[in-house]
Structure formats: C-alpha cells, structure tokens
file target_35.cif (mmCIF, C-alpha atoms)
data_run
loop_
_atom_site.group_PDB
_atom_site.id
_atom_site.type_symbol
_atom_site.label_atom_id
_atom_site.label_comp_id
_atom_site.auth_asym_id
_atom_site.auth_seq_id
_atom_site.Cartn_x
_atom_site.Cartn_y
_atom_site.Cartn_z
ATOM 1 C CA MET F 1 116.951 86.606 52.743
ATOM 2 C CA ILE F 2 119.146 83.544 52.487
ATOM 3 C CA GLY F 3 121.342 81.949 55.125
ATOM 4 C CA LEU F 4 123.636 79.090 54.150
ATOM 5 C CA LEU F 5 124.580 77.689 57.532
ATOM 6 C CA GLN F 6 127.393 75.314 58.271
ATOM 7 C CA ARG F 7 127.958 73.667 61.630
ATOM 8 C CA VAL F 8 131.615 74.218 62.422
ATOM 9 C CA SER F 9 134.254 73.246 64.944
ATOM 10 C CA GLU F 10 135.880 76.591 64.195
ATOM 11 C CA ALA F 11 135.771 79.297 61.528
ATOM 12 C CA ARG F 12 137.384 82.626 60.742
ATOM 13 C CA VAL F 13 137.274 85.423 58.191
ATOM 14 C CA GLU F 14 140.313 87.372 57.062
ATOM 15 C CA VAL F 15 140.515 90.614 55.094
ATOM 16 C CA ALA F 16 143.934 91.663 53.744
ATOM 17 C CA GLY F 17 145.652 89.193 56.077
ATOM 18 C CA GLU F 18 143.844 90.451 59.192
ATOM 19 C CA THR F 19 141.363 88.245 61.063
ATOM 20 C CA VAL F 20 138.143 90.250 61.309
ATOM 21 C CA GLY F 21 135.922 87.498 62.731
ATOM 22 C CA ARG F 22 136.497 84.167 64.461
ATOM 23 C CA ILE F 23 134.447 81.594 66.357
ATOM 24 C CA GLY F 24 134.969 78.170 67.855
ATOM 25 C CA HIS F 25 132.168 75.590 67.914
ATOM 26 C CA GLY F 26 129.018 77.025 66.335
ATOM 27 C CA LEU F 27 127.596 78.186 63.015
ATOM 28 C CA LEU F 28 129.210 79.911 60.068
ATOM 29 C CA VAL F 29 126.415 81.520 58.072
ATOM 30 C CA LEU F 30 126.818 83.004 54.605
ATOM 31 C CA ILE F 31 124.142 85.699 54.164
ATOM 32 C CA GLY F 32 122.509 86.697 50.868
ATOM 33 C CA VAL F 33 120.072 89.606 50.626
ATOM 34 C CA GLU F 34 117.430 89.598 47.888
ATOM 35 C CA ARG F 35 115.368 92.392 46.380
ATOM 36 C CA GLY F 36 112.296 92.902 48.531
ATOM 37 C CA ASP F 37 113.999 91.829 51.764
ATOM 38 C CA GLY F 38 113.573 94.034 54.797
ATOM 39 C CA GLU F 39 113.885 94.008 58.555
ATOM 40 C CA THR F 40 111.044 91.478 58.828
ATOM 41 C CA GLN F 41 113.009 88.934 56.788
ATOM 42 C CA ALA F 42 116.193 89.660 58.759
ATOM 43 C CA GLU F 43 114.388 89.139 62.080
ATOM 44 C CA ARG F 44 112.862 85.863 60.918
ATOM 45 C CA LEU F 45 116.159 84.567 59.541
ATOM 46 C CA LEU F 46 117.956 85.381 62.794
ATOM 47 C CA GLU F 47 115.222 83.652 64.793
ATOM 48 C CA ARG F 48 115.703 80.551 62.653
ATOM 49 C CA LEU F 49 119.512 80.659 62.838
ATOM 50 C CA LEU F 50 119.524 80.841 66.626
ATOM 51 C CA GLY F 51 116.801 78.211 67.035
ATOM 52 C CA TYR F 52 117.493 75.766 64.189
ATOM 53 C CA ARG F 53 118.276 72.358 65.667
ATOM 54 C CA VAL F 54 121.520 71.161 64.046
ATOM 55 C CA PHE F 55 123.571 70.102 67.078
ATOM 56 C CA ALA F 56 123.513 66.604 68.546
ATOM 57 C CA ASP F 57 121.803 65.792 71.819
ATOM 58 C CA ALA F 58 122.899 63.004 74.186
ATOM 59 C CA GLU F 59 121.424 60.401 71.790
ATOM 60 C CA GLY F 60 123.253 61.824 68.784
ATOM 61 C CA ARG F 61 120.123 63.352 67.212
ATOM 62 C CA MET F 62 120.061 66.891 65.846
ATOM 63 C CA ASN F 63 117.808 68.281 68.575
ATOM 64 C CA LEU F 64 119.827 71.200 69.939
ATOM 65 C CA SER F 65 120.039 74.761 68.661
ATOM 66 C CA LEU F 66 122.871 77.266 68.671
ATOM 67 C CA ARG F 67 121.294 78.818 71.760
ATOM 68 C CA ASP F 68 121.146 75.424 73.482
ATOM 69 C CA VAL F 69 124.854 74.682 72.934
ATOM 70 C CA GLU F 70 125.923 78.306 73.496
ATOM 71 C CA GLY F 71 127.925 78.206 70.263
ATOM 72 C CA GLY F 72 129.425 81.031 68.261
ATOM 73 C CA LEU F 73 127.740 82.675 65.273
ATOM 74 C CA LEU F 74 129.888 83.958 62.402
ATOM 75 C CA LEU F 75 127.913 85.968 59.836
ATOM 76 C CA VAL F 76 129.516 86.516 56.428
ATOM 77 C CA PRO F 77 127.858 88.648 53.728
ATOM 78 C CA GLN F 78 127.790 86.866 50.366
ATOM 79 C CA PHE F 79 125.678 88.488 47.665
ATOM 80 C CA THR F 80 126.294 85.598 45.244
ATOM 81 C CA LEU F 81 123.820 83.495 47.244
ATOM 82 C CA ALA F 82 121.049 85.635 45.778
ATOM 83 C CA ALA F 83 122.093 84.883 42.187
ATOM 84 C CA ASP F 84 119.581 83.519 39.682
ATOM 85 C CA THR F 85 121.192 80.351 38.272
ATOM 86 C CA ARG F 86 118.146 78.837 36.585
ATOM 87 C CA LYS F 87 119.388 79.189 33.015
ATOM 88 C CA GLY F 88 122.519 79.741 31.004
ATOM 89 C CA MET F 89 126.116 79.356 32.044
ATOM 90 C CA ARG F 90 126.544 82.636 33.894
ATOM 91 C CA PRO F 91 124.734 83.763 37.061
ATOM 92 C CA SER F 92 122.417 86.743 36.974
ATOM 93 C CA PHE F 93 122.288 89.058 39.960
ATOM 94 C CA THR F 94 118.954 90.700 39.145
ATOM 95 C CA THR F 95 117.404 89.002 42.187
ATOM 96 C CA ALA F 96 120.070 90.327 44.589
ATOM 97 C CA ALA F 97 119.443 93.493 46.578
ATOM 98 C CA ALA F 98 121.303 96.625 45.533
ATOM 99 C CA PRO F 99 124.641 96.904 47.384
ATOM 100 C CA ALA F 100 123.518 99.758 49.671
ATOM 101 C CA GLU F 101 120.345 97.885 50.652
ATOM 102 C CA GLY F 102 122.231 94.606 51.088
ATOM 103 C CA GLU F 103 124.757 96.265 53.379
ATOM 104 C CA LYS F 104 122.019 97.979 55.384
ATOM 105 C CA LEU F 105 120.155 94.686 55.972
ATOM 106 C CA PHE F 106 123.319 92.707 56.698
ATOM 107 C CA ARG F 107 124.274 95.367 59.271
ATOM 108 C CA TYR F 108 120.759 95.202 60.765
ATOM 109 C CA LEU F 109 120.956 91.398 61.018
ATOM 110 C CA ALA F 110 124.430 91.508 62.593
ATOM 111 C CA ASP F 111 123.415 94.206 65.090
ATOM 112 C CA ARG F 112 120.329 92.223 66.119
ATOM 113 C CA ALA F 113 122.469 89.084 66.458
ATOM 114 C CA HIS F 114 124.934 90.924 68.738
ATOM 115 C CA HIS F 115 121.994 91.960 70.935
ATOM 116 C CA GLY F 116 120.395 88.509 70.996
ATOM 117 C CA HIS F 117 123.330 86.091 71.267
ATOM 118 C CA PRO F 118 126.479 86.210 73.397
ATOM 119 C CA THR F 119 129.078 85.159 70.794
ATOM 120 C CA VAL F 120 128.760 86.817 67.385
ATOM 121 C CA ALA F 121 131.450 87.664 64.842
ATOM 122 C CA GLU F 122 131.130 88.877 61.283
ATOM 123 C CA GLY F 123 132.807 89.330 57.964
ATOM 124 C CA ARG F 124 133.117 92.693 56.244
ATOM 125 C CA PHE F 125 130.537 93.717 53.667
ATOM 126 C CA GLY F 126 132.020 94.353 50.218
ATOM 127 C CA ALA F 127 135.506 93.165 51.157
ATOM 128 C CA ASP F 128 137.558 90.451 49.498
ATOM 129 C CA MET F 129 137.360 87.903 52.313
ATOM 130 C CA GLN F 130 139.099 84.614 52.909
ATOM 131 C CA VAL F 131 136.870 82.286 54.899
ATOM 132 C CA SER F 132 138.345 79.276 56.686
ATOM 133 C CA LEU F 133 136.300 76.649 58.452
ATOM 134 C CA ILE F 134 136.242 73.140 59.764
ATOM 135 C CA ASN F 135 132.777 71.873 58.852
ATOM 136 C CA ASP F 136 131.540 69.598 61.632
ATOM 137 C CA GLY F 137 129.706 66.628 60.154
ATOM 138 C CA PRO F 138 129.647 67.978 57.523
ATOM 139 C CA VAL F 139 126.352 69.684 58.248
ATOM 140 C CA THR F 140 125.115 72.385 55.852
ATOM 141 C CA PHE F 141 121.598 73.778 55.392
ATOM 142 C CA GLN F 142 120.103 76.585 53.357
ATOM 143 C CA LEU F 143 117.474 78.649 55.147
ATOM 144 C CA ARG F 144 115.457 81.152 53.154
ATOM 145 C CA VAL F 145 112.932 83.731 54.251
ATOM 146 C CA ALA F 146 111.042 84.817 51.152
ATOM 147 C CA PRO F 147 111.290 88.497 50.241
ATOM 148 C CA ALA F 148 108.232 90.667 50.500
ATOM 149 C CA GLY F 149 106.148 90.809 47.340
ATOM 150 C CA PRO F 150 105.852 93.933 45.227
ATOM 151 C CA ALA F 151 104.206 96.866 46.952
ATOM 152 C CA LYS F 152 100.501 97.209 46.185
ATOM 153 C CA GLU F 153 99.181 100.630 45.352
#
call {"tool": "encode", "arguments": {"input": "target_35.cif", "output": "structure tokens"}}
result
Amino acid sequence: MIGLLQRVSEARVEVAGETVGRIGHGLLVLIGVERGDGETQAERLLERLLGYRVFADAEGRMNLSLRDVEGGLLLVPQFTLAADTRKGMRPSFTTAAAPAEGEKLFRYLADRAHHGHPTVAEGRFGADMQVSLINDGPVTFQLRVAPAGPAKE
C-alpha cells in the first residue's frame, strides 16, 4: 500500500463541483492499493501516516507528527500510484489491486482513520476528483508498506 503524503496548509477535494473533503493544516495523502495488500498493510500505513514526523518543532526540525500537531488528514484514493513505470512510455497497472479490492481497502483505511484521529476527510473512490492544496514547505514523502507475498500452499 502506498501513501504519497504532502504537508499542507489547506487542501480540498471536489467531485462535480461539490466539495467532498476539506482540511486545514495537516496532511493530504494520495493512497494507492497494490495487489497483495490487505488490512495488515492498511493498518501499518495508517500508523505511519499518523506518527510520521514531518512537522516542525520549536527549533524548526521535523520532529512532530500529525497526532502531535492535531492536524487534519485528507485521504484521496489514487490507483495510478500503484502503476508499474519501469519500462516503456506507458504505465502498466498490473501491480494495482482490482478496483473492488482497492475500494474495500481504501474504505477500511478511511474507517480506521476516522476511529483513530479526530479530523479526517476523504475523496471519493472511482470519482473524477479535483484536488486543490497549498503544499507547506513543500514537504512530500512516499510511504510504502510492501504487499503480502503470494500465498503458500
């Protein structure tokens, strides 16, 4: 499971002209689900998103987490993050989870986030979304929790 996090001053997601998610200071996280991902990967990614130290402390060092600063978390599903871009001039999506599985795991991640953090908003899975943000820094990191390997029989 992949999370491309951006520290933001504010961010919002619109679908068909309607704002479906908005936060102030916090993290906008684009979420990609890969084949082999499950609830274990979603739990670990959420743990990292809430605890990853990307906010400045009193000395200006990135020592504070989203929990520490009580910032907002905006989760946006983006299957293109799971694309295989290693060769050619066109991405392959063979590494991305099937849409039904991707939606199920995104929903699981978002539900767990709502239960574990006070300010959570989200985009809409499968929708044509317009994402607006003011990147603070800019600060952007990719976090990845490796998918489970093939099942052994």
call {"tool": "atom_distance", "arguments": {"input": "target_35.cif", "atom1": "CA of Arg124 (chain F)", "atom2": "CA of Gly38 (chain F)"}}
result
19.6 Å
call {"tool": "resolve_selection", "arguments": {"input": "target_35.cif", "expression": "the PyMOL selection byres ((chain F and resi 74) around 6)", "output": "list in words"}}
result
Leu28, Leu73, Leu75, Val120, Ala121 and Glu122 of chain F
call {"tool": "write_last_selection", "arguments": {"input": "target_35.cif", "atoms": "C-alpha atoms", "output": "short mmCIF file (atom, residue, chain, number, x, y, z; two decimals), keeping the file's coordinate frame"}}
result
data_model
loop_
_atom_site.label_atom_id
_atom_site.label_comp_id
_atom_site.auth_asym_id
_atom_site.auth_seq_id
_atom_site.Cartn_x
_atom_site.Cartn_y
_atom_site.Cartn_z
CA LEU F 28 129.21 79.91 60.07
CA LEU F 73 127.74 82.68 65.27
CA LEU F 75 127.91 85.97 59.84
CA VAL F 120 128.76 86.82 67.39
CA ALA F 121 131.45 87.66 64.84
CA GLU F 122 131.13 88.88 61.28
#
call {"tool": "residues_around", "arguments": {"input": "target_35.cif", "residues": "Ala96 (chain F)", "least_positions_apart": "6", "cutoff": "10 Å", "atoms": "only C-alpha atoms", "output": "list in words"}}
result
Met1, Gly32, Val33, Glu34, Arg35, Gly36, Asp37, Phe79, Thr80, Leu81, Ala82, Ala83, Asp84 and Gly102 of chain F
call {"tool": "closest_residue", "arguments": {"input": "target_35.cif", "among": "F:Gly71, F:Leu50, F:Thr94, F:Glu101", "to": "Glu10 (chain F)", "atoms": "all atoms listed in the file"}}
result
F:Gly71
call {"tool": "atom_distance", "arguments": {"input": "target_35.cif", "atom1": "CA of Met62 (chain F)", "atom2": "CA of Val139 (chain F)"}}
result
10.3 Å
call {"tool": "resolve_selection", "arguments": {"input": "target_35.cif", "expression": "the PyMOL selection byres ((chain F and resi 12) around 10)", "output": "PyMOL selection string"}}
result
chain F and resi 10-11+13-14+19-24+28+74+76+121-123+129-134
call {"tool": "resolve_selection", "arguments": {"input": "target_35.cif", "expression": "the PyMOL selection byres ((chain F and resi 64) around 12)", "output": "ChimeraX atom specification"}}
result
/F:7,26,49-63,65-71
call {"tool": "closest_residue", "arguments": {"input": "target_35.cif", "among": "F:Phe93, F:Leu46, F:Val8, F:Lys87", "to": "Tyr108 (chain F)", "atoms": "only C-alpha atoms"}}
result
F:Leu46
